[in-house]
$ cat coords-v1.cif   # mmCIF, C-alpha atoms
data_start
#
loop_
_atom_site.group_PDB
_atom_site.id
_atom_site.type_symbol
_atom_site.label_atom_id
_atom_site.label_comp_id
_atom_site.auth_asym_id
_atom_site.auth_seq_id
_atom_site.Cartn_x
_atom_site.Cartn_y
_atom_site.Cartn_z
ATOM 1 C CA MET A 208 107.266 133.928 44.577
ATOM 2 C CA SER A 209 110.695 135.543 44.635
ATOM 3 C CA LEU A 210 111.998 138.016 47.179
ATOM 4 C CA HIS A 211 114.825 140.520 47.071
ATOM 5 C CA TRP A 212 117.750 140.053 49.434
ATOM 6 C CA TYR A 213 120.848 142.002 50.312
ATOM 7 C CA SER A 214 123.832 139.680 50.202
ATOM 8 C CA ILE A 215 126.207 140.856 52.932
ATOM 9 C CA ARG A 216 129.515 139.695 54.342
ATOM 10 C CA SER A 217 130.597 139.592 57.959
ATOM 11 C CA GLY A 218 134.003 138.082 58.586
ATOM 12 C CA ASP A 219 134.328 134.992 56.447
ATOM 13 C CA GLN A 220 130.606 134.429 56.071
ATOM 14 C CA THR A 221 127.960 135.538 53.613
ATOM 15 C CA PHE A 222 124.414 136.170 54.823
ATOM 16 C CA LEU A 223 121.180 137.385 53.304
ATOM 17 C CA VAL A 224 118.871 140.007 54.757
ATOM 18 C CA ASP A 225 115.414 140.933 53.534
ATOM 19 C CA ALA A 226 115.887 143.977 51.285
ATOM 20 C CA THR A 227 112.575 145.461 52.430
ATOM 21 C CA THR A 228 113.952 145.861 55.976
ATOM 22 C CA ILE A 229 116.927 147.960 54.780
ATOM 23 C CA ARG A 230 116.253 151.665 54.186
ATOM 24 C CA GLY A 231 119.747 152.574 53.059
ATOM 25 C CA VAL A 232 123.357 151.490 52.749
ATOM 26 C CA ARG A 233 126.226 153.745 53.722
ATOM 27 C CA ARG A 234 129.855 153.008 52.942
ATOM 28 C CA GLY A 235 132.836 154.138 54.949
ATOM 29 C CA TYR A 236 130.761 155.793 57.630
ATOM 30 C CA ASP A 237 132.512 158.184 59.966
ATOM 31 C CA ALA A 238 132.386 156.298 63.225
ATOM 32 C CA GLY A 239 134.656 158.763 65.004
ATOM 33 C CA VAL A 240 135.846 157.542 68.373
ATOM 34 C CA ALA A 241 132.690 155.845 69.574
ATOM 35 C CA THR A 242 131.405 152.968 67.468
ATOM 36 C CA THR A 243 128.287 152.273 69.485
ATOM 37 C CA SER A 244 126.286 155.071 67.901
ATOM 38 C CA LEU A 245 126.443 157.387 64.919
ATOM 39 C CA HIS A 246 125.112 160.852 64.120
ATOM 40 C CA THR A 247 122.891 160.738 61.008
ATOM 41 C CA VAL A 248 120.126 162.794 59.428
ATOM 42 C CA HIS A 249 117.785 160.737 61.632
ATOM 43 C CA GLY A 250 119.632 161.878 64.746
ATOM 44 C CA ARG A 251 121.987 159.764 66.813
ATOM 45 C CA ILE A 252 121.300 156.098 66.102
ATOM 46 C CA PRO A 253 122.681 152.966 67.772
ATOM 47 C CA LEU A 254 125.105 150.807 65.794
ATOM 48 C CA VAL A 255 125.148 147.040 65.881
ATOM 49 C CA ASP A 256 128.364 145.393 64.726
ATOM 50 C CA LEU A 257 127.405 142.102 63.119
ATOM 51 C CA ARG A 258 130.835 140.646 63.938
ATOM 52 C CA ASP A 259 130.207 141.185 67.636
ATOM 53 C CA MET A 260 126.713 139.741 67.463
ATOM 54 C CA LEU A 261 127.509 136.614 65.483
ATOM 55 C CA GLY A 262 130.630 135.628 67.313
ATOM 56 C CA PRO A 263 134.302 135.386 66.408
ATOM 57 C CA ASN A 264 135.479 134.238 63.033
ATOM 58 C CA ASP A 265 138.775 133.676 61.300
ATOM 59 C CA GLN A 266 138.922 136.882 59.293
ATOM 60 C CA PRO A 267 140.614 140.000 60.690
ATOM 61 C CA SER A 268 138.345 142.988 61.090
ATOM 62 C CA PRO A 269 138.816 145.431 58.207
ATOM 63 C CA ALA A 270 139.357 149.124 58.794
ATOM 64 C CA VAL A 271 136.197 150.816 60.009
ATOM 65 C CA GLN A 272 136.246 153.225 57.063
ATOM 66 C CA ALA A 273 136.059 150.314 54.649
ATOM 67 C CA ARG A 274 132.940 148.833 56.178
ATOM 68 C CA TYR A 275 129.270 149.363 55.455
ATOM 69 C CA MET A 276 126.271 150.349 57.503
ATOM 70 C CA LEU A 277 122.773 149.089 56.756
ATOM 71 C CA LEU A 278 120.132 151.540 57.912
ATOM 72 C CA VAL A 279 117.117 149.875 59.517
ATOM 73 C CA ARG A 280 113.851 151.600 60.466
ATOM 74 C CA LEU A 281 112.528 150.495 63.847
ATOM 75 C CA VAL A 282 109.084 151.073 65.345
ATOM 76 C CA GLU A 283 110.687 153.871 67.323
ATOM 77 C CA GLY A 284 113.740 155.351 65.667
ATOM 78 C CA TRP A 285 116.522 153.953 63.542
ATOM 79 C CA CYS A 286 119.450 151.594 63.890
ATOM 80 C CA GLY A 287 122.591 150.881 61.888
ATOM 81 C CA ILE A 288 123.979 147.392 61.304
ATOM 82 C CA VAL A 289 127.701 147.402 60.549
ATOM 83 C CA VAL A 290 128.877 144.742 58.103
ATOM 84 C CA ASP A 291 132.137 144.127 56.274
ATOM 85 C CA ASN A 292 130.719 144.228 52.785
ATOM 86 C CA VAL A 293 127.504 144.503 50.817
ATOM 87 C CA ASN A 294 127.892 142.224 47.831
ATOM 88 C CA GLU A 295 124.728 142.619 45.802
ATOM 89 C CA ILE A 296 120.972 142.563 45.778
ATOM 90 C CA THR A 297 119.837 139.119 44.735
ATOM 91 C CA THR A 298 116.518 137.452 44.027
ATOM 92 C CA ALA A 299 115.599 134.147 45.616
ATOM 93 C CA HIS A 300 112.694 132.132 46.948
ATOM 94 C CA PRO A 301 111.418 132.662 50.504
ATOM 95 C CA PRO A 302 113.688 131.005 53.091
ATOM 96 C CA SER A 303 113.262 127.432 54.245
ATOM 97 C CA PRO A 304 113.399 126.736 57.962
ATOM 98 C CA LEU A 305 116.695 125.607 59.452
ATOM 99 C CA PRO A 306 116.993 121.851 60.021
ATOM 100 C CA PRO A 307 115.336 120.846 63.340
ATOM 101 C CA LEU A 308 118.697 119.820 64.798
ATOM 102 C CA VAL A 309 120.103 123.321 64.234
ATOM 103 C CA GLN A 310 116.994 124.969 65.643
ATOM 104 C CA GLN A 311 117.383 122.938 68.825
ATOM 105 C CA VAL A 312 120.937 123.986 69.548
ATOM 106 C CA GLY A 313 121.457 127.467 68.126
ATOM 107 C CA TYR A 314 120.309 131.039 68.347
ATOM 108 C CA ALA A 315 117.552 130.162 65.915
ATOM 109 C CA SER A 316 115.781 133.390 66.822
ATOM 110 C CA LEU A 317 118.468 135.427 65.006
ATOM 111 C CA VAL A 318 117.966 133.506 61.805
ATOM 112 C CA ASN A 319 114.929 133.594 59.520
ATOM 113 C CA GLY A 320 115.905 130.464 57.670
ATOM 114 C CA VAL A 321 118.067 129.399 54.799
ATOM 115 C CA VAL A 322 118.010 130.047 51.058
ATOM 116 C CA LEU A 323 119.702 127.923 48.427
ATOM 117 C CA LEU A 324 121.805 129.971 46.003
ATOM 118 C CA ASP A 325 123.479 127.796 43.351
ATOM 119 C CA ASP A 326 122.667 124.816 45.608
ATOM 120 C CA GLN A 327 124.690 126.390 48.437
ATOM 121 C CA PRO A 328 122.770 127.183 51.629
ATOM 122 C CA VAL A 329 122.982 130.818 52.709
ATOM 123 C CA VAL A 330 121.691 131.851 56.126
ATOM 124 C CA VAL A 331 119.002 134.556 56.224
ATOM 125 C CA LEU A 332 119.383 136.872 59.191
ATOM 126 C CA ASP A 333 116.496 138.440 61.097
ATOM 127 C CA VAL A 334 117.825 141.994 61.438
ATOM 128 C CA HIS A 335 115.102 143.051 63.873
ATOM 129 C CA ALA A 336 115.884 140.107 66.169
ATOM 130 C CA ILE A 337 119.593 140.967 66.029
ATOM 131 C CA ILE A 338 118.910 144.604 66.901
ATOM 132 C CA ALA A 339 116.546 143.570 69.721
ATOM 133 C CA LEU A 340 119.205 141.275 71.197
ATOM 134 C CA HIS A 341 121.824 144.018 70.910
ATOM 135 C CA LEU A 342 119.611 146.577 72.633
ATOM 136 C CA THR A 343 118.780 144.100 75.412
ATOM 137 C CA ARG A 344 122.486 143.406 75.967
ATOM 138 C CA ALA A 345 123.301 147.128 75.941
ATOM 139 C CA GLN A 346 120.561 147.773 78.493
ATOM 140 C CA LYS A 347 121.908 145.015 80.757
ATOM 141 C CA THR A 348 125.421 146.487 80.484
ATOM 142 C CA ARG A 349 124.110 149.896 81.548
ATOM 143 C CA VAL A 350 122.293 148.375 84.538
ATOM 144 C CA ILE A 351 125.452 146.558 85.661
ATOM 145 C CA ARG A 352 127.498 149.747 85.390
ATOM 146 C CA MET B 1289 128.233 85.268 49.266
ATOM 147 C CA THR B 1290 128.840 84.662 52.924
ATOM 148 C CA GLN B 1291 125.884 83.399 54.962
ATOM 149 C CA HIS B 1292 125.095 85.350 58.104
ATOM 150 C CA ASP B 1293 122.887 84.742 61.077
ATOM 151 C CA GLN B 1294 119.518 86.474 60.760
ATOM 152 C CA SER B 1295 120.256 88.361 63.966
ATOM 153 C CA ALA B 1296 123.465 89.804 62.503
ATOM 154 C CA THR B 1297 123.590 93.498 61.719
ATOM 155 C CA GLN B 1298 125.532 95.234 59.000
ATOM 156 C CA TYR B 1299 127.745 98.089 60.095
ATOM 157 C CA LEU B 1300 129.634 100.814 58.310
ATOM 158 C CA VAL B 1301 133.084 100.986 59.895
ATOM 159 C CA PHE B 1302 134.933 104.284 59.869
ATOM 160 C CA ARG B 1303 137.861 106.002 61.523
ATOM 161 C CA LEU B 1304 137.642 109.003 63.769
ATOM 162 C CA GLY B 1305 141.115 110.047 64.883
ATOM 163 C CA ALA B 1306 142.813 106.939 66.220
ATOM 164 C CA GLU B 1307 139.546 105.151 67.006
ATOM 165 C CA HIS B 1308 137.391 102.948 64.835
ATOM 166 C CA TYR B 1309 133.637 103.345 65.015
ATOM 167 C CA ALA B 1310 130.734 101.431 63.494
ATOM 168 C CA LEU B 1311 127.306 102.714 62.525
ATOM 169 C CA PRO B 1312 124.393 100.361 61.777
ATOM 170 C CA LEU B 1313 123.854 100.385 58.022
ATOM 171 C CA LEU B 1314 120.131 100.838 58.612
ATOM 172 C CA TRP B 1315 120.815 104.463 59.539
ATOM 173 C CA LEU B 1316 123.070 105.155 56.582
ATOM 174 C CA GLN B 1317 121.693 107.233 53.703
ATOM 175 C CA ALA B 1318 124.836 108.059 51.750
ATOM 176 C CA ILE B 1319 128.563 108.683 51.941
ATOM 177 C CA GLU B 1320 129.741 111.935 50.420
ATOM 178 C CA ARG B 1321 133.026 113.711 49.865
ATOM 179 C CA TRP B 1322 133.812 116.663 52.076
ATOM 180 C CA GLN B 1323 132.052 119.896 51.261
ATOM 181 C CA THR B 1324 132.477 123.057 53.258
ATOM 182 C CA PRO B 1325 129.348 123.660 55.329
ATOM 183 C CA THR B 1326 127.666 127.035 55.741
ATOM 184 C CA ALA B 1327 128.156 128.081 59.352
ATOM 185 C CA VAL B 1328 125.073 129.070 61.353
ATOM 186 C CA PRO B 1329 125.594 131.769 64.000
ATOM 187 C CA GLY B 1330 125.207 130.823 67.625
ATOM 188 C CA THR B 1331 125.592 127.082 67.256
ATOM 189 C CA PRO B 1332 128.038 124.893 69.207
ATOM 190 C CA PRO B 1333 131.492 124.272 67.657
ATOM 191 C CA ALA B 1334 130.601 120.625 67.012
ATOM 192 C CA LEU B 1335 127.856 121.754 64.654
ATOM 193 C CA LEU B 1336 129.992 122.875 61.732
ATOM 194 C CA GLY B 1337 127.070 124.235 59.754
ATOM 195 C CA ILE B 1338 124.595 123.140 57.132
ATOM 196 C CA ILE B 1339 124.846 121.629 53.662
ATOM 197 C CA SER B 1340 122.391 120.943 50.887
ATOM 198 C CA GLN B 1341 122.237 117.305 49.966
ATOM 199 C CA ARG B 1342 120.125 116.899 46.826
ATOM 200 C CA GLY B 1343 117.913 119.738 47.962
ATOM 201 C CA THR B 1344 117.663 118.597 51.587
ATOM 202 C CA ILE B 1345 119.304 120.952 54.044
ATOM 203 C CA MET B 1346 120.951 119.161 56.942
ATOM 204 C CA ALA B 1347 123.322 119.809 59.813
ATOM 205 C CA VAL B 1348 126.991 118.791 59.652
ATOM 206 C CA VAL B 1349 128.237 117.425 62.973
ATOM 207 C CA ASP B 1350 131.875 116.870 63.889
ATOM 208 C CA VAL B 1351 131.687 113.997 66.372
ATOM 209 C CA ARG B 1352 135.346 114.436 67.295
ATOM 210 C CA VAL B 1353 134.649 117.965 68.525
ATOM 211 C CA LEU B 1354 131.490 116.808 70.250
ATOM 212 C CA ILE B 1355 133.463 114.431 72.459
ATOM 213 C CA GLY B 1356 136.060 117.032 73.340
ATOM 214 C CA GLY B 1357 138.540 116.866 70.466
ATOM 215 C CA SER B 1358 139.742 119.671 68.243
ATOM 216 C CA ILE B 1359 138.605 120.661 64.754
ATOM 217 C CA GLU B 1360 140.935 119.139 62.157
ATOM 218 C CA PRO B 1361 141.223 120.466 58.610
ATOM 219 C CA PRO B 1362 139.592 118.153 56.056
ATOM 220 C CA ALA B 1363 141.938 115.678 54.375
ATOM 221 C CA ARG B 1364 141.699 113.673 51.164
ATOM 222 C CA GLN B 1365 140.005 110.786 52.963
ATOM 223 C CA THR B 1366 137.581 112.910 54.981
ATOM 224 C CA ARG B 1367 133.992 111.925 54.282
ATOM 225 C CA LEU B 1368 130.502 112.954 55.285
ATOM 226 C CA ILE B 1369 128.323 110.092 56.436
ATOM 227 C CA ILE B 1370 124.717 111.043 55.753
ATOM 228 C CA ALA B 1371 122.586 109.267 58.339
ATOM 229 C CA ARG B 1372 118.960 109.399 59.387
ATOM 230 C CA HIS B 1373 117.658 109.099 62.926
ATOM 231 C CA GLY B 1374 113.895 109.294 63.110
ATOM 232 C CA ALA B 1375 112.972 112.266 60.954
ATOM 233 C CA ILE B 1376 116.365 113.935 61.325
ATOM 234 C CA ASP B 1377 118.968 113.780 58.581
ATOM 235 C CA VAL B 1378 122.495 114.589 59.671
ATOM 236 C CA ALA B 1379 125.944 114.585 58.073
ATOM 237 C CA LEU B 1380 128.706 113.224 60.308
ATOM 238 C CA VAL B 1381 132.308 114.182 59.582
ATOM 239 C CA VAL B 1382 134.633 111.172 59.680
ATOM 240 C CA ASP B 1383 138.326 110.859 58.896
ATOM 241 C CA GLN B 1384 138.064 107.749 56.756
ATOM 242 C CA VAL B 1385 135.417 105.233 55.729
ATOM 243 C CA LEU B 1386 136.904 101.743 56.064
ATOM 244 C CA ASP B 1387 134.436 99.010 55.158
ATOM 245 C CA ILE B 1388 131.094 97.332 55.778
ATOM 246 C CA GLU B 1389 131.002 94.432 58.236
ATOM 247 C CA TRP B 1390 128.463 91.961 59.592
ATOM 248 C CA TYR B 1391 128.432 91.471 63.329
ATOM 249 C CA ASP B 1392 126.236 89.443 65.662
ATOM 250 C CA GLY B 1393 128.545 88.824 68.611
ATOM 251 C CA PRO B 1394 128.593 90.217 72.124
ATOM 252 C CA THR B 1395 128.968 93.894 72.941
ATOM 253 C CA THR B 1396 131.137 95.114 75.783
ATOM 254 C CA PRO B 1397 130.318 98.395 77.545
ATOM 255 C CA LEU B 1398 132.791 101.167 76.751
ATOM 256 C CA HIS B 1399 134.706 102.641 79.662
ATOM 257 C CA ALA B 1400 136.368 105.786 78.410
ATOM 258 C CA THR B 1401 137.640 108.765 80.308
ATOM 259 C CA ASP B 1402 136.393 111.272 77.749
ATOM 260 C CA ARG B 1403 132.878 112.011 76.474
ATOM 261 C CA SER B 1404 133.118 109.272 73.868
ATOM 262 C CA GLN B 1405 131.381 106.820 76.185
ATOM 263 C CA HIS B 1406 128.258 108.996 75.940
ATOM 264 C CA ILE B 1407 127.952 108.364 72.212
ATOM 265 C CA SER B 1408 128.866 104.702 72.130
ATOM 266 C CA SER B 1409 126.581 101.800 72.900
ATOM 267 C CA GLY B 1410 129.524 99.469 73.398
ATOM 268 C CA VAL B 1411 132.666 97.969 71.960
ATOM 269 C CA VAL B 1412 132.982 94.959 69.679
ATOM 270 C CA LEU B 1413 135.881 93.026 68.241
ATOM 271 C CA LEU B 1414 135.862 92.990 64.441
ATOM 272 C CA HIS B 1415 138.713 91.120 62.757
ATOM 273 C CA ASP B 1416 140.994 91.701 65.739
ATOM 274 C CA ARG B 1417 140.312 95.387 65.874
ATOM 275 C CA THR B 1418 138.372 97.119 68.591
ATOM 276 C CA VAL B 1419 135.424 99.037 67.187
ATOM 277 C CA ARG B 1420 133.081 101.342 69.054
ATOM 278 C CA LEU B 1421 129.405 101.186 68.143
ATOM 279 C CA LEU B 1422 128.155 104.690 67.469
ATOM 280 C CA ASP B 1423 124.789 105.508 69.013
ATOM 281 C CA LEU B 1424 123.398 108.146 66.646
ATOM 282 C CA GLY B 1425 120.551 109.022 69.000
ATOM 283 C CA ALA B 1426 123.074 109.673 71.766
ATOM 284 C CA VAL B 1427 125.136 111.857 69.399
ATOM 285 C CA LEU B 1428 122.128 114.053 68.671
ATOM 286 C CA GLU B 1429 121.183 114.114 72.344
ATOM 287 C CA LEU B 1430 124.689 115.141 73.405
ATOM 288 C CA LEU B 1431 124.714 117.852 70.746
ATOM 289 C CA GLY B 1432 121.445 119.180 72.138
ATOM 290 C CA THR B 1433 123.009 119.628 75.564
ATOM 291 C CA THR B 1434 126.107 121.431 74.239
ATOM 292 C CA GLU B 1435 126.402 125.163 74.839
ATOM 293 C CA PRO B 1436 126.676 127.387 71.750
#
$ encode --input "coords-v1.cif" --output "structure tokens"
Amino acid sequence: MSLHWYSIRSGDQTFLVDATTIRGVRRGYDAGVATTSLHTVHGRIPLVDLRDMLGPNDQPSPAVQARYMLLVRLVEGWCGIVVDNVNEITTAHPPSPLPPLVQQVGYASLVNGVVLLDDQPVVVLDVHAIIALHLTRAQKTRVIR
Amino acid sequence: MTQHDQSATQYLVFRLGAEHYALPLLWLQAIERWQTPTAVPGTPPALLGIISQRGTIMAVVDVRVLIGGSIEPPARQTRLIIARHGAIDVALVVDQVLDIEWYDGPTTPLHATDRSQHISSGVVLLHDRTVRLLDLGAVLELLGTTEP
């Protein structure tokens, strides 16, 4: 059984996300001054910057206008995930679990597994887990303020 | 062929920075050239990422970083030692693979000021060079206690 995946780029890394979780892709979105939310046809939706969620990397952040937003439908409302690039839609087998050693030490909950593309492992992100973590962090920040 | 005592163990000797380490050959699966691992978000710096080794996906661990050193760019002699501990396959980054040696002599406890003593089961003298015995189980245990 093959599945469809969006191949995306954040910093110097390529990830896959399940294409069925993405309802749309928008390029060069108008973030305005605030980059934590965006006005869309679905109303004002929160934005999650994948660079912020996945930690620092070696690549400089490109101009906001050159980035992409993946639109994700939540149980209640919508959310946008900001990435540096959307490469392609690719077909691959369902993900394999991460090696046990990696699961023990990392944020395994943000990752759905790993897919081999041309014998190179590519990490599959769990977009709903990433959004949930972002919203939890944002809520904590509001409480502290 | 040299005769060895039945109690002797074969070790793979390798270099990590300025230190020489030895890993029991029983744990060794393969030695591979450097290949850039795929980073996994939220993992400690010592876990460089994952690679596919003949279809098996395994973690790549930089022992130097694990014991407090810095990440060095791979060089021509950099190798990945593929080792197995229990059911866990792991690729260890080393600076240079030196040779394979038999050893059945005494082991002296390592007294180091850094974290390297946590991953070594002792020190031995091999052909006039001091070699630390790498405890793979301790490496994996130390990695498990490292903050992402």
$ interface_residues --input "coords-v1.cif" --of "chain A" --to "chain B" --cutoff "12 Å" --atoms "only C-alpha atoms" --output "number ranges by chain"
A: 217-222, 257-264, 302-333, 337
$ write_last_selection --input "coords-v1.cif" --atoms "C-alpha atoms" --output "PDB file, keeping the file's coordinate frame"
ATOM      1  CA  SER A 217     130.597 139.592  57.959  1.00  0.00           C
ATOM      2  CA  GLY A 218     134.003 138.082  58.586  1.00  0.00           C
ATOM      3  CA  ASP A 219     134.328 134.992  56.447  1.00  0.00           C
ATOM      4  CA  GLN A 220     130.606 134.429  56.071  1.00  0.00           C
ATOM      5  CA  THR A 221     127.960 135.538  53.613  1.00  0.00           C
ATOM      6  CA  PHE A 222     124.414 136.170  54.823  1.00  0.00           C
ATOM      7  CA  LEU A 257     127.405 142.102  63.119  1.00  0.00           C
ATOM      8  CA  ARG A 258     130.835 140.646  63.938  1.00  0.00           C
ATOM      9  CA  ASP A 259     130.207 141.185  67.636  1.00  0.00           C
ATOM     10  CA  MET A 260     126.713 139.741  67.463  1.00  0.00           C
ATOM     11  CA  LEU A 261     127.509 136.614  65.483  1.00  0.00           C
ATOM     12  CA  GLY A 262     130.630 135.628  67.313  1.00  0.00           C
ATOM     13  CA  PRO A 263     134.302 135.386  66.408  1.00  0.00           C
ATOM     14  CA  ASN A 264     135.479 134.238  63.033  1.00  0.00           C
ATOM     15  CA  PRO A 302     113.688 131.005  53.091  1.00  0.00           C
ATOM     16  CA  SER A 303     113.262 127.432  54.245  1.00  0.00           C
ATOM     17  CA  PRO A 304     113.399 126.736  57.962  1.00  0.00           C
ATOM     18  CA  LEU A 305     116.695 125.607  59.452  1.00  0.00           C
ATOM     19  CA  PRO A 306     116.993 121.851  60.021  1.00  0.00           C
ATOM     20  CA  PRO A 307     115.336 120.846  63.340  1.00  0.00           C
ATOM     21  CA  LEU A 308     118.697 119.820  64.798  1.00  0.00           C
ATOM     22  CA  VAL A 309     120.103 123.321  64.234  1.00  0.00           C
ATOM     23  CA  GLN A 310     116.994 124.969  65.643  1.00  0.00           C
ATOM     24  CA  GLN A 311     117.383 122.938  68.825  1.00  0.00           C
ATOM     25  CA  VAL A 312     120.937 123.986  69.548  1.00  0.00           C
ATOM     26  CA  GLY A 313     121.457 127.467  68.126  1.00  0.00           C
ATOM     27  CA  TYR A 314     120.309 131.039  68.347  1.00  0.00           C
ATOM     28  CA  ALA A 315     117.552 130.162  65.915  1.00  0.00           C
ATOM     29  CA  SER A 316     115.781 133.390  66.822  1.00  0.00           C
ATOM     30  CA  LEU A 317     118.468 135.427  65.006  1.00  0.00           C
ATOM     31  CA  VAL A 318     117.966 133.506  61.805  1.00  0.00           C
ATOM     32  CA  ASN A 319     114.929 133.594  59.520  1.00  0.00           C
ATOM     33  CA  GLY A 320     115.905 130.464  57.670  1.00  0.00           C
ATOM     34  CA  VAL A 321     118.067 129.399  54.799  1.00  0.00           C
ATOM     35  CA  VAL A 322     118.010 130.047  51.058  1.00  0.00           C
ATOM     36  CA  LEU A 323     119.702 127.923  48.427  1.00  0.00           C
ATOM     37  CA  LEU A 324     121.805 129.971  46.003  1.00  0.00           C
ATOM     38  CA  ASP A 325     123.479 127.796  43.351  1.00  0.00           C
ATOM     39  CA  ASP A 326     122.667 124.816  45.608  1.00  0.00           C
ATOM     40  CA  GLN A 327     124.690 126.390  48.437  1.00  0.00           C
ATOM     41  CA  PRO A 328     122.770 127.183  51.629  1.00  0.00           C
ATOM     42  CA  VAL A 329     122.982 130.818  52.709  1.00  0.00           C
ATOM     43  CA  VAL A 330     121.691 131.851  56.126  1.00  0.00           C
ATOM     44  CA  VAL A 331     119.002 134.556  56.224  1.00  0.00           C
ATOM     45  CA  LEU A 332     119.383 136.872  59.191  1.00  0.00           C
ATOM     46  CA  ASP A 333     116.496 138.440  61.097  1.00  0.00           C
ATOM     47  CA  ILE A 337     119.593 140.967  66.029  1.00  0.00           C
TER      48      ILE A 337
END
$ atom_distance --input "coords-v1.cif" --atom1 "CA of Pro1333 in chain B" --atom2 "CA of Leu277 in chain A"
28.5 Å
$ residues_around --input "coords-v1.cif" --residues "Ile1359 in chain B" --least-positions-apart "5" --cutoff "8 Å" --atoms "only C-alpha atoms" --output "PyMOL selection string"
chain B and resi 1350+1352-1353
$ axis_aligned_box --input "coords-v1.cif" --around "range 245-249 of chain A" --padding-each-side "5 Å" --output "JSON"
{"center_x": 122.1, "center_y": 160.1, "center_z": 62.2, "size_x": 18.7, "size_y": 15.4, "size_z": 15.5}
$ closest_residue --input "coords-v1.cif" --among "B:Ile1319, B:Arg1403, B:Pro1362, B:Leu1398" --to "Thr1418 in chain B" --atoms "all atoms listed in the file"
B:Leu1398
$ resolve_selection --input "coords-v1.cif" --expression "the PyMOL selection byres ((chain B and resi 1420) around 7)" --output "list in words"
His1308, Tyr1309, Ala1310, Ser1408, Gly1410, Val1411, Val1412, Thr1418, Val1419, Leu1421 and Leu1422 of chain B
$ atom_distance --input "coords-v1.cif" --atom1 "CA of Leu281 in chain A" --atom2 "CA of Val248 in chain A"
15.1 Å
$ closest_residue --input "coords-v1.cif" --among "B:Asp1416, B:Asp1423, B:Asp1383, B:Glu1360" --to "Pro1312 in chain B" --atoms "all atoms listed in the file"
B:Asp1423
$ atom_distance --input "coords-v1.cif" --atom1 "CA of Arg280 in chain A" --atom2 "CA of Thr227 in chain A"
10.2 Å
$ resolve_selection --input "coords-v1.cif" --expression "the PyMOL selection byres ((chain A and resi 341) around 12)" --output "JSON list (two decimals) with C-alpha atoms, in the coordinates of the input"
[["chain", "number", "residue", "atom", "x", "y", "z"],
["A", 243, "THR", "CA", 128.29, 152.27, 69.48],
["A", 253, "PRO", "CA", 122.68, 152.97, 67.77],
["A", 254, "LEU", "CA", 125.10, 150.81, 65.79],
["A", 255, "VAL", "CA", 125.15, 147.04, 65.88],
["A", 256, "ASP", "CA", 128.36, 145.39, 64.73],
["A", 257, "LEU", "CA", 127.40, 142.10, 63.12],
["A", 258, "ARG", "CA", 130.84, 140.65, 63.94],
["A", 259, "ASP", "CA", 130.21, 141.18, 67.64],
["A", 260, "MET", "CA", 126.71, 139.74, 67.46],
["A", 261, "LEU", "CA", 127.51, 136.61, 65.48],
["A", 286, "CYS", "CA", 119.45, 151.59, 63.89],
["A", 287, "GLY", "CA", 122.59, 150.88, 61.89],
["A", 288, "ILE", "CA", 123.98, 147.39, 61.30],
["A", 317, "LEU", "CA", 118.47, 135.43, 65.01],
["A", 334, "VAL", "CA", 117.82, 141.99, 61.44],
["A", 335, "HIS", "CA", 115.10, 143.05, 63.87],
["A", 336, "ALA", "CA", 115.88, 140.11, 66.17],
["A", 337, "ILE", "CA", 119.59, 140.97, 66.03],
["A", 338, "ILE", "CA", 118.91, 144.60, 66.90],
["A", 339, "ALA", "CA", 116.55, 143.57, 69.72],
["A", 340, "LEU", "CA", 119.20, 141.28, 71.20],
["A", 342, "LEU", "CA", 119.61, 146.58, 72.63],
["A", 343, "THR", "CA", 118.78, 144.10, 75.41],
["A", 344, "ARG", "CA", 122.49, 143.41, 75.97],
["A", 345, "ALA", "CA", 123.30, 147.13, 75.94],
["A", 346, "GLN", "CA", 120.56, 147.77, 78.49],
["A", 347, "LYS", "CA", 121.91, 145.01, 80.76],
["A", 348, "THR", "CA", 125.42, 146.49, 80.48]]
